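As provided, entry11.pdb (PDB, C-alpha atoms) reads as follows.
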ATOM      1  CA  MET O 165       0.000   0.000   0.000
ATOM      2  CA  PRO O 166       1.453   3.404  -0.998
ATOM      3  CA  ASP O 167       2.464   5.685   1.836
ATOM      4  CA  GLU O 168      -0.167   8.331   2.583
ATOM      5  CA  LEU O 169       1.038  11.878   1.940
ATOM      6  CA  ILE O 170      -0.496  14.739   3.891
ATOM      7  CA  SER O 171      -0.311  18.533   3.711
ATOM      8  CA  ILE O 172       2.088  20.641   5.754
ATOM      9  CA  GLY O 173      -0.818  21.857   7.872
ATOM     10  CA  GLU O 174      -1.893  18.311   8.722
ATOM     11  CA  ALA O 175       1.715  17.313   9.411
ATOM     12  CA  ALA O 176       2.276  20.305  11.698
ATOM     13  CA  GLU O 177      -0.884  19.477  13.640
ATOM     14  CA  LEU O 178       0.154  15.840  14.124
ATOM     15  CA  LEU O 179       3.664  16.836  15.229
ATOM     16  CA  GLY O 180       2.437  19.615  17.504
ATOM     17  CA  VAL O 181       4.562  22.347  15.889
ATOM     18  CA  SER O 182       3.810  25.411  13.791
ATOM     19  CA  ILE O 183       3.842  25.374  10.006
ATOM     20  CA  SER O 184       6.772  27.810   9.997
ATOM     21  CA  THR O 185       8.747  25.463  12.258
ATOM     22  CA  LEU O 186       8.043  22.552   9.951
ATOM     23  CA  ARG O 187       9.216  24.642   6.984
ATOM     24  CA  ARG O 188      12.484  25.345   8.805
ATOM     25  CA  TRP O 189      12.880  21.641   9.568
ATOM     26  CA  ASP O 190      12.423  20.870   5.880
ATOM     27  CA  GLU O 191      14.960  23.467   4.760
ATOM     28  CA  SER O 192      17.554  22.311   7.303
ATOM     29  CA  GLY O 193      17.037  18.624   6.494
ATOM     30  CA  ARG O 194      15.874  17.847  10.032
ATOM     31  CA  PHE O 195      12.470  16.619   8.836
ATOM     32  CA  PRO O 196      12.311  16.880   5.027
ATOM     33  CA  ALA O 197       9.106  16.907   3.044
ATOM     34  CA  ILE O 198       8.541  13.981   0.677
ATOM     35  CA  GLU O 199       7.312  16.277  -2.086
ATOM     36  CA  SER O 200       7.567  20.010  -2.665
ATOM     37  CA  GLN O 201       5.863  21.310  -5.788
ATOM     38  CA  GLY O 202       4.911  24.900  -6.381
ATOM     39  CA  GLY O 203       5.711  25.739  -2.776
ATOM     40  CA  HIS O 204       3.337  23.047  -1.487
ATOM     41  CA  ARG O 205       5.007  20.538   0.815
ATOM     42  CA  ARG O 206       3.619  17.079   1.446
ATOM     43  CA  TYR O 207       4.738  14.727   4.193
ATOM     44  CA  SER O 208       4.784  10.995   4.827
ATOM     45  CA  LYS O 209       2.198  10.146   7.450
ATOM     46  CA  SER O 210       4.017   6.931   8.374
ATOM     47  CA  GLN O 211       7.260   8.827   9.011
ATOM     48  CA  ILE O 212       5.395  11.169  11.334
ATOM     49  CA  GLU O 213       3.902   8.207  13.163
ATOM     50  CA  ILE O 214       7.394   6.754  13.604
ATOM     51  CA  TYR O 215       8.616  10.066  15.012
ATOM     52  CA  LEU O 216       5.760  10.150  17.475
ATOM     53  CA  GLN O 217       6.598   6.662  18.708
ATOM     54  CA  ASP O 218       9.159   6.206  21.457
ATOM     55  CA  ILE O 219      11.532   3.758  19.815
ATOM     56  CA  LEU O 220      13.659   3.411  22.948
ATOM     57  CA  ALA O 221      10.677   2.351  25.059
ATOM     58  CA  MET O 222       9.561  -0.003  22.292
ATOM     59  CA  GLY O 223      12.981  -1.637  21.928
ATOM     60  CA  LYS O 224      13.401  -1.978  25.679
ATOM     61  CA  ASP O 225       9.939  -3.518  26.107
ATOM     62  CA  TRP O 226      10.633  -6.013  23.311
ATOM     63  CA  ALA O 227      14.010  -6.970  24.789
ATOM     64  CA  LEU O 228      12.501  -7.470  28.245
ATOM     65  CA  ASN O 229       9.072  -8.898  27.491
ATOM     66  CA  ASN O 230       9.104 -10.064  23.858
ATOM     67  CA  THR O 231       6.161  -7.774  23.078
ATOM     68  CA  GLU O 232       4.940  -7.490  19.505
ATOM     69  CA  ILE O 233       6.685  -4.796  17.467
ATOM     70  CA  PRO O 234       5.968  -3.347  14.005
ATOM     71  CA  SER O 235       7.760  -5.282  11.261
ATOM     72  CA  LYS O 236       9.633  -2.128  10.209
ATOM     73  CA  PHE O 237      11.685  -2.400  13.424
ATOM     74  CA  TYR O 238      12.381  -6.139  13.322
ATOM     75  CA  CYS O 239      15.345  -7.740  11.553
ATOM     76  CA  SER O 240      14.997 -11.507  11.624
ATOM     77  CA  ASP O 241      18.396 -12.086   9.988
ATOM     78  CA  SER O 242      21.573 -10.201   9.176
ATOM     79  CA  SER O 243      20.691  -9.606   5.508
ATOM     80  CA  ILE O 244      17.543  -7.699   6.498
ATOM     81  CA  PHE O 245      19.544  -5.754   9.068
ATOM     82  CA  LYS O 246      22.183  -4.779   6.496
ATOM     83  CA  ALA O 247      19.510  -3.620   4.047
ATOM     84  CA  LYS O 248      17.907  -1.423   6.713
ATOM     85  CA  LEU O 249      21.329  -0.167   7.746
ATOM     86  CA  ASP O 250      21.996   0.903   4.141
ATOM     87  CA  LYS O 251      18.666   2.742   4.108
ATOM     88  CA  MET O 252      19.584   4.549   7.320
ATOM     89  CA  LYS O 253      22.916   5.575   5.802
ATOM     90  CA  ILE O 254      21.158   7.191   2.829
ATOM     91  CA  GLU O 255      18.758   9.053   5.112
ATOM     92  CA  LEU O 256      21.511  10.186   7.494
ATOM     93  CA  ALA O 257      23.511  11.568   4.569
ATOM     94  CA  ARG O 258      20.687  14.027   3.899
ATOM     95  CA  VAL O 259      20.669  15.441   7.439
ATOM     96  CA  GLU O 260      22.364  18.814   7.750
ATOM     97  CA  GLY O 261      25.363  18.876  10.071
ATOM     98  CA  LEU O 262      26.098  15.143   9.947
ATOM     99  CA  ASN O 263      28.450  15.126   6.944
ATOM    100  CA  GLU O 264      31.465  14.277   9.064
ATOM    101  CA  ILE O 265      30.008  11.660  11.391
ATOM    102  CA  TYR O 266      27.124   9.905   9.658
ATOM    103  CA  PRO O 267      29.381   7.121   8.252
ATOM    104  CA  LEU O 268      30.664   6.558  11.801
ATOM    105  CA  ILE O 269      27.123   6.337  13.196
ATOM    106  CA  VAL O 270      26.364   3.693  10.585
ATOM    107  CA  ALA O 271      29.601   1.829  11.351
ATOM    108  CA  VAL O 272      28.914   1.750  15.101
ATOM    109  CA  ALA O 273      25.299   0.635  14.612
ATOM    110  CA  GLY O 274      26.504  -2.011  12.162
ATOM    111  CA  GLU O 275      29.069  -3.320  14.628
ATOM    112  CA  ILE O 276      26.574  -3.573  17.497
ATOM    113  CA  GLY O 277      23.843  -5.149  15.370
ATOM    114  CA  GLY O 278      26.330  -7.470  13.703
ATOM    115  CA  ASN O 279      27.521  -8.650  17.121
ATOM    116  CA  SER O 280      23.993  -9.702  18.007
ATOM    117  CA  PHE O 281      23.778 -11.957  14.963
ATOM    118  CA  ASP O 282      27.353 -13.236  15.041
ATOM    119  CA  HIS O 283      27.415 -14.219  18.687
ATOM    120  CA  ASN O 284      23.945 -15.686  19.055
ATOM    121  CA  LEU O 285      24.010 -17.745  15.876
ATOM    122  CA  GLY O 286      22.338 -21.055  16.657
ATOM    123  CA  ASN O 287      21.948 -20.053  20.300
ATOM    124  CA  TRP O 288      18.958 -17.713  20.396
ATOM    125  CA  PRO O 289      17.052 -18.514  23.639
ATOM    126  CA  ASP O 290      13.697 -17.677  22.040
ATOM    127  CA  THR O 291      13.129 -14.962  19.405
ATOM    128  CA  PRO O 292      16.018 -14.629  16.935
ATOM    129  CA  GLY O 293      16.978 -11.350  15.328
ATOM    130  CA  ILE O 294      17.128  -7.776  16.553
ATOM    131  CA  PHE O 295      15.109  -4.644  17.084
ATOM    132  CA  PHE O 296      16.536  -1.806  14.954
ATOM    133  CA  GLY O 297      14.950   1.625  14.947
ATOM    134  CA  TYR O 298      16.169   5.149  14.324
ATOM    135  CA  ASP O 299      14.714   8.618  14.674
ATOM    136  CA  LEU O 300      16.392  11.322  12.595
ATOM    137  CA  ILE O 301      14.636  14.174  14.379
ATOM    138  CA  LYS O 302      15.448  13.034  17.901
ATOM    139  CA  ARG O 303      18.802  11.842  16.470
ATOM    140  CA  ARG O 304      18.719   8.435  18.079
ATOM    141  CA  VAL O 305      19.403   4.841  17.039
ATOM    142  CA  VAL O 306      18.150   1.929  19.139
ATOM    143  CA  LEU O 307      19.244  -1.707  18.800
ATOM    144  CA  ALA O 308      18.146  -4.597  20.988
ATOM    145  CA  ASP O 309      18.311  -8.364  21.025
ATOM    146  CA  ARG O 310      16.904 -11.192  23.119
ATOM    147  CA  GLY O 311      20.141 -13.137  22.953
ATOM    148  CA  ARG O 312      22.384 -14.605  25.617
ATOM    149  CA  GLY O 313      23.926 -11.298  26.656
ATOM    150  CA  VAL O 314      27.550 -10.289  27.020
ATOM    151  CA  LEU O 315      28.334 -12.217  30.216
ATOM    152  CA  ALA O 316      27.080 -15.598  29.000
ATOM    153  CA  THR O 317      28.920 -15.177  25.719
ATOM    154  CA  LEU O 318      32.235 -14.074  27.245
ATOM    155  CA  LYS O 319      32.221 -16.890  29.796
ATOM    156  CA  VAL O 320      33.039 -19.266  26.947
ATOM    157  CA  VAL O 321      36.537 -17.765  26.805
ATOM    158  CA  ARG O 322      36.619 -16.128  30.262
ATOM    159  CA  PRO O 323      34.858 -18.646  32.564
ATOM    160  CA  GLU O 324      35.952 -16.746  35.667
ATOM    161  CA  LEU O 325      33.600 -13.863  34.831
ATOM    162  CA  ASN O 326      30.509 -13.795  37.033
ATOM    163  CA  ASP O 327      29.452 -10.151  37.010
ATOM    164  CA  HIS O 328      27.660  -8.244  34.238
ATOM    165  CA  ARG O 329      29.519  -5.021  34.985
ATOM    166  CA  GLU O 330      32.888  -6.740  34.749
ATOM    167  CA  ALA O 331      31.766  -8.445  31.522
ATOM    168  CA  LEU O 332      30.964  -5.035  30.016
ATOM    169  CA  ARG O 333      34.349  -3.687  31.083
ATOM    170  CA  VAL O 334      36.131  -6.632  29.474
ATOM    171  CA  ALA O 335      34.041  -6.413  26.286
ATOM    172  CA  PHE O 336      34.873  -2.738  25.758
ATOM    173  CA  THR O 337      38.534  -2.780  26.829
ATOM    174  CA  GLU O 338      40.197  -6.171  26.304
ATOM    175  CA  VAL O 339      41.127  -7.991  23.123
ATOM    176  CA  LEU O 340      39.859 -11.523  23.530
ATOM    177  CA  SER O 341      41.131 -14.718  21.976
ATOM    178  CA  GLY O 342      39.072 -17.652  20.864
ATOM    179  CA  ARG O 343      37.376 -18.903  17.757
ATOM    180  CA  ALA O 344      34.414 -17.021  16.335
ATOM    181  CA  PRO O 345      31.744 -16.556  17.460
ATOM    182  CA  GLU O 346      33.037 -16.937  21.022
ATOM    183  CA  ASN O 347      35.317 -13.885  20.835
ATOM    184  CA  ARG O 348      32.417 -11.540  21.434
ATOM    185  CA  GLY O 349      33.310  -7.938  22.143
ATOM    186  CA  ASN O 350      36.413  -7.349  20.042
ATOM    187  CA  GLY O 351      34.392  -5.018  17.803
ATOM    188  CA  LEU O 352      33.215  -3.113  20.867
ATOM    189  CA  LYS O 353      36.714  -1.679  21.277
ATOM    190  CA  PHE O 354      36.176  -0.069  17.861
ATOM    191  CA  VAL O 355      32.805   1.219  19.060
ATOM    192  CA  ARG O 356      34.401   2.767  22.145
ATOM    193  CA  LYS O 357      37.112   4.462  20.090
ATOM    194  CA  VAL O 358      34.659   5.975  17.597
ATOM    195  CA  VAL O 359      32.183   7.184  20.210
ATOM    196  CA  THR O 360      34.736   8.850  22.483
ATOM    197  CA  LYS O 361      36.320  10.751  19.588
ATOM    198  CA  ASN O 362      33.129  12.033  17.967
ATOM    199  CA  LEU O 363      29.832  13.713  18.795
ATOM    200  CA  ILE O 364      28.140  10.414  19.543
ATOM    201  CA  GLY O 365      26.828   9.084  22.843
ATOM    202  CA  LEU O 366      26.241   5.420  23.680
ATOM    203  CA  ILE O 367      24.351   3.659  26.441
ATOM    204  CA  PHE O 368      24.790  -0.122  26.312
ATOM    205  CA  GLN O 369      22.827  -2.397  28.644
ATOM    206  CA  THR O 370      23.074  -6.111  29.336
ATOM    207  CA  GLY O 371      22.077  -8.153  32.374
ATOM    208  CA  ASN O 372      21.738  -5.718  35.283
ATOM    209  CA  ALA O 373      24.563  -3.478  34.077
ATOM    210  CA  GLU O 374      24.697  -0.333  31.986
ATOM    211  CA  LEU O 375      27.699   1.292  30.302
ATOM    212  CA  GLU O 376      27.790   4.886  29.083
ATOM    213  CA  LEU O 377      30.283   6.448  26.670
ATOM    214  CA  GLU O 378      30.537  10.053  25.535
ATOM    215  CA  LYS O 379      32.857  12.305  23.548
ATOM    216  CA  ASP O 380      36.195  13.270  25.090
ATOM    217  CA  ASN O 381      35.741  10.855  27.981
ATOM    218  CA  SER O 382      37.519   7.532  27.599
ATOM    219  CA  GLU O 383      36.515   6.519  31.124
ATOM    220  CA  LEU O 384      33.997   3.696  31.215
ATOM    221  CA  GLN O 385      30.942   4.696  33.222
ATOM    222  CA  ILE O 386      29.463   1.366  34.331
ATOM    223  CA  ARG O 387      26.606   1.136  36.809
ATOM    224  CA  ASP O 388      23.590  -0.922  37.811
ATOM    225  CA  SER O 389      20.833  -0.468  35.235
ATOM    226  CA  GLY O 390      17.882  -1.140  37.509
ATOM    227  CA  ILE O 391      16.554  -3.824  35.149
ATOM    228  CA  ASN O 392      17.552  -7.405  34.364
ATOM    229  CA  LEU O 393      18.062  -7.753  30.636
ATOM    230  CA  ARG O 394      19.075 -11.163  29.320
ATOM    231  CA  GLY O 395      20.141  -9.811  25.931
ATOM    232  CA  CYS O 396      21.442  -6.365  24.977
ATOM    233  CA  LEU O 397      20.006  -2.886  24.490
ATOM    234  CA  ALA O 398      22.061  -0.120  22.861
ATOM    235  CA  THR O 399      21.091   3.530  22.387
ATOM    236  CA  LEU O 400      23.128   5.848  20.154
ATOM    237  CA  ASN O 401      22.533   9.596  20.417
ATOM    238  CA  PHE O 402      24.102  12.000  17.934
TER     239      PHE O 402
END

Using the file provided, produce a representation of the structure as structure tokens.
Amino acid sequence: MPDELISIGEAAELLGVSISTLRRWDESGRFPAIESQGGHRRYSKSQIEIYLQDILAMGKDWALNNTEIPSKFYCSDSSIFKAKLDKMKIELARVEGLNEIYPLIVAVAGEIGGNSFDHNLGNWPDTPGIFFGYDLIKRRVVLADRGRGVLATLKVVRPELNDHREALRVAFTEVLSGRAPENRGNGLKFVRKVVTKNLIGLIFQTGNAELELEKDNSELQIRDSGINLRGCLATLNF
């Protein structure tokens, strides 16, 4: 079914902003119109609906409770994930002010999502695949899986690990040996390097632990998350 296009007035009403604000968003690339003919802008209703959804809450709820999610956010295998990642790259390239970092955002998201597939292959506890959503206005990417989590995966090569916070520290700081897919986390050192050198923020949760990274701060901020997540939940802000 073709996407429904609506007028700028209808779009502004749905988004709760003025028409002039929506025009500025279009001109800056923050929320571009789908069509603009003769000065008349038309917008994708489905894109507005996505914006109005809280993708972080949706991804977190799916990771915790296996709730039903729209198919647009679900990647059942790595080929679907890569196709959606390519689409995100094209859309990010159009956003004003992201010329320098949008390839890095895509690379980090690709590494995190790829880890979920690589290190749960044949070992998904229930629902395979990942949640993958992004919001170009709120400038956020959310990835989640219902996999084994970092601790269970690392214990294959580091059996002495018993704490989710220590597992996160190891995953983001130590180069691990072992045959794939047991060497989970080596790509997360790349993630840490990219995030701390660019205008990107990352919150990564697994088990009952949460790690936060931000620009110009190589220190790992690891704390209790207040939830118990078997798999992983990652939020990129840019």

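Using all atoms listed in the file, the smallest distance between any of O:Leu375, O:Leu262, O:Ile183, O:Leu352 and Leu300 of chain O comes from O:Leu262.
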
Practice problem: I would like the residues chosen by the PyMOL selection byres ((chain O and resi 242) around 9) on the shown file; could you give them as a list in words? | Solution: Cys239, Ser240, Asp241, Ser243, Ile244, Phe245, Lys246, Ala247, Gly277, Gly278, Phe281, Asp282, Gly293 and Ile294 of chain O

Quiz prompt | Spatial neighbours of Tyr207 of chain O, 7 Å, all atoms listed in the file, chain gap at least 2 places, as a PyMOL selection string | solution = chain O and resi 169-172+175+197-199+205+209

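Atom CA of Thr337 of chain O is positioned 9.7 Å from atom CA of Phe354 of chain O.
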
Quiz item: By how many Å are atom CA of Leu400 of chain O and atom CA of Leu366 of chain O apart?
Solution: 4.7 Å

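Atom pair atom CA of Asn350 of chain O / atom CA of Phe336 of chain O has a distance of 7.5 Å (rounded to one decimal).
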
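Evaluating the PyMOL selection byres ((chain O and resi 249) around 10) against the shown model yields O:Ser243, O:Ile244, O:Phe245, O:Lys246, O:Ala247, O:Lys248, O:Asp250, O:Lys251, O:Met252, O:Lys253, O:Ile254, O:Glu255, O:Val270, O:Ala271, O:Ala273, O:Gly274, O:Gly277, O:Phe296, O:Gly297, O:Tyr298.
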
Exercise. Excluding Ser210 of chain O and residues on its chain fewer than 4 positions from it, collect all residues at most 9 Å away from it, counting only C-alpha atoms, and give them as a VMD selection string.
Key: chain O and resid 167 to 169 214 to 215

Practice problem: Convert the output of the PyMOL selection byres ((chain O and resi 234) around 12) on the shown file into explicit residues, formatted as a list in words. | Solution: Ser210, Glu213, Ile214, Gln217, Ile219, Met222, Gly223, Trp226, Thr231, Glu232, Ile233, Ser235, Lys236, Phe237, Tyr238, Cys239, Phe295, Phe296 and Gly297 of chain O

Produce the centre coordinates and the three edge lengths, each in Å to one decimal, of the box along x, y and z that contains all listed atoms of segment 364-381 of chain O with 6 Å added on each side, as JSON.
{"center_x": 29.0, "center_y": 2.6, "center_z": 27.4, "size_x": 26.5, "size_y": 33.4, "size_z": 27.7}

Exercise. List the neighbours of Asn230 of chain O out to 9 Å using only C-alpha atoms; skip same-chain residues closer than 4 positions along the sequence, and give me the result as a VMD selection string.
Key: chain O and resid 225 to 226 291 310

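Comparing the minimum interatomic distances between Pro196 of chain O and each of O:Val259, O:Val306, O:Leu332, O:Leu220, counting all atoms listed in the file, we find that O:Val259 sits nearest.
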
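Remark: for Ser208 of chain O, the closest of the candidate residues O:Asn372, O:Glu174, O:Gly180, O:Ser192 is O:Glu174 (distances computed over all atoms listed in the file).
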
Quiz prompt | Among the residues O:Ile386, O:Cys396, O:Val314, O:Ile265, the one that comes closest to Ile364 of chain O [using all atoms listed in the file] | solution = O:Ile265

Practice problem: Extract, using only C-alpha atoms, all DNA, RNA and protein residues at most 8 Å from Ala373 of chain O, discarding same-chain residues fewer than 4 positions from it, and format them as a VMD selection string. | Solution: chain O and resid 328 to 329 332 369 386 to 390

Go ahead and save the picked residues with C-alpha atoms, as a PDB file, keeping the file's coordinate frame.
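As a result, again.pdb now contains:
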ATOM      1  CA  HIS O 328      27.660  -8.244  34.238  1.00  0.00           C
ATOM      2  CA  ARG O 329      29.519  -5.021  34.985  1.00  0.00           C
ATOM      3  CA  LEU O 332      30.964  -5.035  30.016  1.00  0.00           C
ATOM      4  CA  GLN O 369      22.827  -2.397  28.644  1.00  0.00           C
ATOM      5  CA  ILE O 386      29.463   1.366  34.331  1.00  0.00           C
ATOM      6  CA  ARG O 387      26.606   1.136  36.809  1.00  0.00           C
ATOM      7  CA  ASP O 388      23.590  -0.922  37.811  1.00  0.00           C
ATOM      8  CA  SER O 389      20.833  -0.468  35.235  1.00  0.00           C
ATOM      9  CA  GLY O 390      17.882  -1.140  37.509  1.00  0.00           C
TER      10      GLY O 390
END

Can you write segment 224-241 of chain O from the block above with N, CA and C atoms, as a PDB file, in the first residue's frame?
ATOM      1  N   LYS O 224      13.181  -1.468  24.326  1.00  0.00           N
ATOM      2  CA  LYS O 224      13.401  -1.978  25.679  1.00  0.00           C
ATOM      3  C   LYS O 224      12.309  -2.967  26.073  1.00  0.00           C
ATOM      4  N   ASP O 225      11.059  -2.640  25.762  1.00  0.00           N
ATOM      5  CA  ASP O 225       9.939  -3.518  26.107  1.00  0.00           C
ATOM      6  C   ASP O 225      10.055  -4.836  25.356  1.00  0.00           C
ATOM      7  N   TRP O 226      10.467  -4.779  24.083  1.00  0.00           N
ATOM      8  CA  TRP O 226      10.633  -6.013  23.311  1.00  0.00           C
ATOM      9  C   TRP O 226      11.749  -6.871  23.894  1.00  0.00           C
ATOM     10  N   ALA O 227      12.879  -6.222  24.246  1.00  0.00           N
ATOM     11  CA  ALA O 227      14.010  -6.970  24.789  1.00  0.00           C
ATOM     12  C   ALA O 227      13.661  -7.626  26.118  1.00  0.00           C
ATOM     13  N   LEU O 228      12.854  -6.950  26.928  1.00  0.00           N
ATOM     14  CA  LEU O 228      12.501  -7.470  28.245  1.00  0.00           C
ATOM     15  C   LEU O 228      11.352  -8.474  28.201  1.00  0.00           C
ATOM     16  N   ASN O 229      10.332  -8.162  27.403  1.00  0.00           N
ATOM     17  CA  ASN O 229       9.072  -8.898  27.491  1.00  0.00           C
ATOM     18  C   ASN O 229       8.647  -9.606  26.208  1.00  0.00           C
ATOM     19  N   ASN O 230       9.437  -9.451  25.144  1.00  0.00           N
ATOM     20  CA  ASN O 230       9.104 -10.064  23.858  1.00  0.00           C
ATOM     21  C   ASN O 230       7.730  -9.608  23.345  1.00  0.00           C
ATOM     22  N   THR O 231       7.417  -8.331  23.559  1.00  0.00           N
ATOM     23  CA  THR O 231       6.161  -7.774  23.078  1.00  0.00           C
ATOM     24  C   THR O 231       6.186  -7.664  21.555  1.00  0.00           C
ATOM     25  N   GLU O 232       5.025  -7.610  20.959  1.00  0.00           N
ATOM     26  CA  GLU O 232       4.940  -7.490  19.505  1.00  0.00           C
ATOM     27  C   GLU O 232       5.421  -6.108  19.065  1.00  0.00           C
ATOM     28  N   ILE O 233       6.196  -6.068  18.001  1.00  0.00           N
ATOM     29  CA  ILE O 233       6.685  -4.796  17.467  1.00  0.00           C
ATOM     30  C   ILE O 233       6.348  -4.712  15.978  1.00  0.00           C
ATOM     31  N   PRO O 234       6.210  -3.488  15.446  1.00  0.00           N
ATOM     32  CA  PRO O 234       5.968  -3.347  14.005  1.00  0.00           C
ATOM     33  C   PRO O 234       7.100  -3.979  13.197  1.00  0.00           C
ATOM     34  N   SER O 235       6.771  -4.576  12.073  1.00  0.00           N
ATOM     35  CA  SER O 235       7.760  -5.282  11.261  1.00  0.00           C
ATOM     36  C   SER O 235       8.891  -4.369  10.797  1.00  0.00           C
ATOM     37  N   LYS O 236       8.609  -3.067  10.672  1.00  0.00           N
ATOM     38  CA  LYS O 236       9.633  -2.128  10.209  1.00  0.00           C
ATOM     39  C   LYS O 236      10.817  -2.036  11.174  1.00  0.00           C
ATOM     40  N   PHE O 237      10.618  -2.468  12.433  1.00  0.00           N
ATOM     41  CA  PHE O 237      11.685  -2.400  13.424  1.00  0.00           C
ATOM     42  C   PHE O 237      12.354  -3.752  13.674  1.00  0.00           C
ATOM     43  N   TYR O 238      11.875  -4.803  13.029  1.00  0.00           N
ATOM     44  CA  TYR O 238      12.381  -6.139  13.322  1.00  0.00           C
ATOM     45  C   TYR O 238      13.248  -6.660  12.182  1.00  0.00           C
ATOM     46  N   CYS O 239      14.430  -7.133  12.528  1.00  0.00           N
ATOM     47  CA  CYS O 239      15.345  -7.740  11.553  1.00  0.00           C
ATOM     48  C   CYS O 239      15.543  -9.190  11.971  1.00  0.00           C
ATOM     49  N   SER O 240      14.932 -10.098  11.249  1.00  0.00           N
ATOM     50  CA  SER O 240      14.997 -11.507  11.624  1.00  0.00           C
ATOM     51  C   SER O 240      16.336 -12.142  11.285  1.00  0.00           C
ATOM     52  N   ASP O 241      17.069 -11.565  10.334  1.00  0.00           N
ATOM     53  CA  ASP O 241      18.396 -12.086   9.988  1.00  0.00           C
ATOM     54  C   ASP O 241      19.302 -10.940   9.573  1.00  0.00           C
TER      55      ASP O 241
END
